[in-house]
Amino acid sequence: PKSQPPYKEPVPDKYYKPSEPIAEPDRKANATFVMLVRNSDLPGIMSSMKQIEDRFNRKFKYPYVFLNEQPFTQEFKNYITALTDAPVEFGLIPHDDWYQPSWINETRATEAREAMVQNSVIYGGSVPYRNMCRFNSGFFYRQELLQKYRYYWRVEPDVKFFCDVDYDPFLLMQDEGKVYGFTVSLYEYPTTIPTLWNEVRAFINSNPNLVAKDNAMQFLSDDGGETYNRCHFWSNFEIGDLDLWRGEAYSKFFDYLDEQGGFYYERWGDAPVHSIGAALFARKDQIHFFNDIGYKHEPFQHCPQGAAHSKGKCWCDPSQNFDYEWYSCLSRYDKMF
Ligand code: GDP
Ligand code: MN
C-alpha cells in the first residue's frame, strides 16, 4: 500500500473538547492509595485504578503507592503512570517483611497445608497467599513509602466502583475521627482460624489496658468475648488510619499473633486480624460503614440503596446488595448503635 489507512491519522484537535484543568481541592488529607500487586496483576489493577480515577481521584489527585515483593517491570510502571496525573511510587517489599520467617517449623507448616488441601480450604495449600495475609496484617503500614502518610485506601485488582465519590472520604475520616472504614462484612471460614480467638483472648487477658473503651466487641462476639462469631470487615476494601496499626496496641497484638505462627500453621487472614484489631483497639464509633461507596469484589457487592444510589449516580442493580444477606455481618454492626 502507498499510504496509511485513514484512521492512523490522529483525530484533529478541533474536534476535541479540551478538558478543563480541575482545581486542586482547597483542603486535602495526608493520604494515599495502596495497591499490593504482582506484575501479572497489571490488567486487573489497571481496571480498578481507572475506575478510581474516573469516579473519584481525577478531582482529588491523591497519590498511589504500589507494593510488590518482586521488582515492578518497566512495562508495569509505564502503563500505571499513564493512568493518572497524581504521583505514583513503586516499592519493593524487604525480604523479611514478606517471606515465611525462618523460625516457623516447616514440617508443621507443610502438614497444615496438606491437611487444608485435603479439606478443600480455599488457598489452603498456598504459601504465597499466607505471605500476603501476614504482610497485609503486619507489614504494609511499616513500608518506607507509607511512612509519610496518615490515611490509606486499599485497592485490589479487578474490583468495581459503581458510584461517583464526589466527596473526600479521607477528610471525612480525619474530621470525624474515624480510623477504619469498610463496605462489606461477612463471616470467616472457621477452618482457616481454629486457634485465632484463643490467642486473641490470651492477648487481651495479658494486656487489658490496651483494649479500647466502647470498643466493637459486640461485632465480633455474641457472648461478650467468650467465642468469636467470625464476623469481619472484608479487607480487600479498606480506608483507614495508619496510626491505628502503628499504635502500641495493634503492633503488640500483631507481634503476639505472629509469634504464635498461625499465619503459617493455620491460614489466618488479614481480614479477621485487621477487623479484630480495629474492633478492640478503637471505639465502635470510629469504625465507619461507607454506605455511599458502591463496591464489588467477587463474589459480593455493596450497592447503595435509595437516595444514596441516585446521589452517587450508581450503576449497580440495587437488588444485588449483600448488606442484609444471610452471610453478611452488617446487621451486627448496626446493632452496636
Ligand atoms: P483474595 O481476594 O483473598 O482472593 O486474594 P487476592 O489474590 O486478590 O490477593 C489479595 C491481594 O494481594 C491482591 O491485591 C493481590 O494482588 C495481592 N497478592 C496476592 N498474592 C500476591 C503475591 O504473591 N505477591 C504480590 N505482590 N501480591 C499478591
Ligand atoms: Mn482479591
# chains A, B, ... in the order shown; residues from 1 in each chain; ligands from 1
>>> residues_near_ligand(ligand="ligand 2", cutoff="12 Å", atoms="only C-alpha atoms and all ligand atoms", output="VMD selection string")
chain A and resid 35 to 37 41 44 to 45 48 123 129 132 to 133 154 to 160 234 to 237 270 to 271 296 to 300
>>> write_last_selection(atoms="N, CA and C atoms", output="mmCIF file, in the first residue's frame")
data_model
loop_
_atom_site.group_PDB
_atom_site.id
_atom_site.type_symbol
_atom_site.label_atom_id
_atom_site.label_comp_id
_atom_site.auth_asym_id
_atom_site.auth_seq_id
_atom_site.Cartn_x
_atom_site.Cartn_y
_atom_site.Cartn_z
ATOM 1 N N MET A 35 -1.760 -0.250 46.715
ATOM 2 C CA MET A 35 -2.051 -1.437 45.938
ATOM 3 C C MET A 35 -0.896 -2.430 46.077
ATOM 4 N N LEU A 36 -1.189 -3.577 46.668
ATOM 5 C CA LEU A 36 -0.237 -4.683 46.721
ATOM 6 C C LEU A 36 -0.559 -5.592 45.542
ATOM 7 N N VAL A 37 0.347 -5.683 44.599
ATOM 8 C CA VAL A 37 0.078 -6.480 43.393
ATOM 9 C C VAL A 37 1.336 -7.118 42.826
ATOM 10 N N ASP A 41 -0.644 -8.913 37.801
ATOM 11 C CA ASP A 41 -1.937 -8.299 38.127
ATOM 12 C C ASP A 41 -2.183 -7.016 37.337
ATOM 13 N N GLY A 44 -5.747 -6.337 35.813
ATOM 14 C CA GLY A 44 -6.758 -6.192 36.860
ATOM 15 C C GLY A 44 -6.615 -4.919 37.661
ATOM 16 N N ILE A 45 -5.375 -4.505 37.909
ATOM 17 C CA ILE A 45 -5.199 -3.307 38.723
ATOM 18 C C ILE A 45 -5.403 -2.064 37.862
ATOM 19 N N SER A 48 -9.119 -1.518 38.053
ATOM 20 C CA SER A 48 -9.530 -0.898 39.326
ATOM 21 C C SER A 48 -9.115 0.569 39.386
ATOM 22 N N TYR A 123 -7.307 -21.525 49.191
ATOM 23 C CA TYR A 123 -5.899 -21.129 49.337
ATOM 24 C C TYR A 123 -5.181 -21.933 50.426
ATOM 25 N N TYR A 129 0.022 -17.082 49.415
ATOM 26 C CA TYR A 129 -1.188 -16.455 49.971
ATOM 27 C C TYR A 129 -0.991 -16.145 51.452
ATOM 28 N N MET A 132 1.140 -13.172 51.872
ATOM 29 C CA MET A 132 0.338 -11.975 51.587
ATOM 30 C C MET A 132 -0.507 -11.589 52.802
ATOM 31 N N CYS A 133 -1.153 -12.597 53.413
ATOM 32 C CA CYS A 133 -2.008 -12.310 54.578
ATOM 33 C C CYS A 133 -1.192 -11.764 55.750
ATOM 34 N N ARG A 154 -7.051 1.026 50.492
ATOM 35 C CA ARG A 154 -6.540 -0.183 49.847
ATOM 36 C C ARG A 154 -7.408 -0.542 48.650
ATOM 37 N N VAL A 155 -6.751 -0.807 47.524
ATOM 38 C CA VAL A 155 -7.463 -1.178 46.302
ATOM 39 C C VAL A 155 -6.839 -2.442 45.727
ATOM 40 N N GLU A 156 -7.696 -3.380 45.350
ATOM 41 C CA GLU A 156 -7.245 -4.652 44.771
ATOM 42 C C GLU A 156 -7.536 -4.707 43.274
ATOM 43 N N PRO A 157 -6.904 -5.635 42.579
ATOM 44 C CA PRO A 157 -7.204 -5.829 41.160
ATOM 45 C C PRO A 157 -8.650 -6.303 40.960
ATOM 46 N N ASP A 158 -9.209 -5.935 39.816
ATOM 47 C CA ASP A 158 -10.495 -6.480 39.352
ATOM 48 C C ASP A 158 -11.687 -6.191 40.254
ATOM 49 N N VAL A 159 -11.631 -5.093 41.000
ATOM 50 C CA VAL A 159 -12.816 -4.716 41.766
ATOM 51 C C VAL A 159 -13.611 -3.688 40.950
ATOM 52 N N LYS A 160 -14.839 -3.440 41.391
ATOM 53 C CA LYS A 160 -15.667 -2.444 40.702
ATOM 54 C C LYS A 160 -16.092 -1.359 41.688
ATOM 55 N N TRP A 234 -14.427 -6.937 55.254
ATOM 56 C CA TRP A 234 -13.747 -7.527 54.086
ATOM 57 C C TRP A 234 -12.618 -6.606 53.672
ATOM 58 N N SER A 235 -11.381 -7.019 53.929
ATOM 59 C CA SER A 235 -10.254 -6.089 53.875
ATOM 60 C C SER A 235 -9.755 -5.807 52.459
ATOM 61 N N ASN A 236 -10.358 -6.428 51.439
ATOM 62 C CA ASN A 236 -9.918 -6.036 50.086
ATOM 63 C C ASN A 236 -10.300 -4.577 49.806
ATOM 64 N N PHE A 237 -11.291 -4.057 50.523
ATOM 65 C CA PHE A 237 -11.554 -2.617 50.562
ATOM 66 C C PHE A 237 -11.266 -2.141 51.980
ATOM 67 N N ASP A 270 -5.714 -11.559 56.758
ATOM 68 C CA ASP A 270 -5.566 -10.184 57.237
ATOM 69 C C ASP A 270 -6.924 -9.564 57.543
ATOM 70 N N ALA A 271 -7.993 -10.108 56.942
ATOM 71 C CA ALA A 271 -9.314 -9.528 57.203
ATOM 72 C C ALA A 271 -9.732 -9.738 58.666
ATOM 73 N N LYS A 296 -17.722 -3.748 44.393
ATOM 74 C CA LYS A 296 -17.775 -5.200 44.212
ATOM 75 C C LYS A 296 -16.383 -5.801 44.158
ATOM 76 N N HIS A 297 -16.187 -6.827 44.957
ATOM 77 C CA HIS A 297 -15.059 -7.749 44.800
ATOM 78 C C HIS A 297 -15.737 -9.097 44.724
ATOM 79 N N GLU A 298 -15.468 -9.855 43.687
ATOM 80 C CA GLU A 298 -16.153 -11.132 43.539
ATOM 81 C C GLU A 298 -16.077 -11.927 44.840
ATOM 82 N N PRO A 299 -17.143 -12.570 45.261
ATOM 83 C CA PRO A 299 -18.454 -12.652 44.634
ATOM 84 C C PRO A 299 -19.512 -11.739 45.279
ATOM 85 N N PHE A 300 -19.110 -10.750 46.072
ATOM 86 C CA PHE A 300 -20.098 -9.949 46.799
ATOM 87 C C PHE A 300 -20.009 -8.475 46.423
#
>>> residues_around(residues="stretch 89-96 of chain A", least_positions_apart="5", cutoff="6 Å", atoms="only C-alpha atoms", output="PDB file with C-alpha atoms, in the first residue's frame")
ATOM      1  CA  VAL A  65       1.795   3.522  46.356  1.00  0.00           C
ATOM      2  CA  PHE A  66       2.332   0.189  44.605  1.00  0.00           C
ATOM      3  CA  LEU A  67       3.978  -2.606  46.572  1.00  0.00           C
ATOM      4  CA  ASN A  68       5.412  -5.921  45.432  1.00  0.00           C
ATOM      5  CA  GLU A  69       7.927  -8.449  46.766  1.00  0.00           C
ATOM      6  CA  PRO A  71      10.546  -5.505  41.284  1.00  0.00           C
TER       7      PRO A  71
END
>>> select_by_dssp(residues="stretch 36-121 of chain A", states="alpha helix (DSSP H)", output="compact mmCIF listing (two decimals) with C-alpha atoms, in the first residue's frame")
# COMPACT_ATOMS: atom_id res chain seq x y z
CA LEU A 42 -1.41 -5.41 35.67
CA PRO A 43 -4.68 -5.78 33.71
CA GLY A 44 -6.76 -6.19 36.86
CA ILE A 45 -5.20 -3.31 38.72
CA MET A 46 -5.45 -1.02 35.68
CA SER A 47 -9.15 -1.78 35.63
CA SER A 48 -9.53 -0.90 39.33
CA MET A 49 -7.34 2.18 39.08
CA LYS A 50 -9.11 3.56 36.01
CA GLN A 51 -12.39 3.41 37.93
CA ILE A 52 -10.86 5.09 40.97
CA ARG A 58 -9.39 12.87 38.90
CA LYS A 59 -10.89 15.51 41.17
CA PHE A 60 -8.79 14.84 44.24
CA GLN A 74 9.19 -1.03 33.36
CA GLU A 75 6.14 -2.03 31.34
CA PHE A 76 4.07 -2.21 34.53
CA LYS A 77 5.23 1.22 35.65
CA ASN A 78 4.58 2.78 32.25
CA TYR A 79 1.00 1.55 31.97
CA ILE A 80 0.21 2.56 35.56
CA THR A 81 1.68 6.05 35.47
CA HIS A 95 12.60 -9.85 52.05
CA ASP A 96 11.82 -10.42 55.71
CA ASP A 97 8.56 -8.46 55.55
CA TRP A 98 7.22 -10.92 53.02
CA GLU A 106 8.42 -26.04 58.12
CA THR A 107 7.41 -29.62 58.87
CA ARG A 108 4.45 -28.41 60.88
CA ALA A 109 3.58 -25.78 58.25
CA THR A 110 3.71 -28.33 55.43
CA GLU A 111 1.48 -30.73 57.35
CA ALA A 112 -1.01 -27.96 57.99
CA ARG A 113 -1.12 -27.01 54.32
CA GLU A 114 -1.57 -30.64 53.24
CA ALA A 115 -4.42 -31.12 55.69
CA MET A 116 -6.10 -27.99 54.37
CA VAL A 117 -5.77 -29.18 50.78
CA GLN A 118 -7.45 -32.43 51.85
>>> closest_residue(among="A:Val179, A:Ala308, A:Val127, A:Val121", to="ligand 1", atoms="only C-alpha atoms and all ligand atoms")
A:Val127
>>> select_by_dssp(residues="stretch 130-295 of chain A", states="strand (DSSP E)", output="count of residues only")
23
>>> closest_residue(among="A:Asp317, A:Glu238, A:Asp222, A:Asp214", to="ligand 1", atoms="only C-alpha atoms and all ligand atoms")
A:Glu238
>>> closest_residue(among="A:Phe135, A:Tyr15, A:Tyr187, A:Tyr167", to="ligand 1", atoms="only C-alpha atoms and all ligand atoms")
A:Phe135
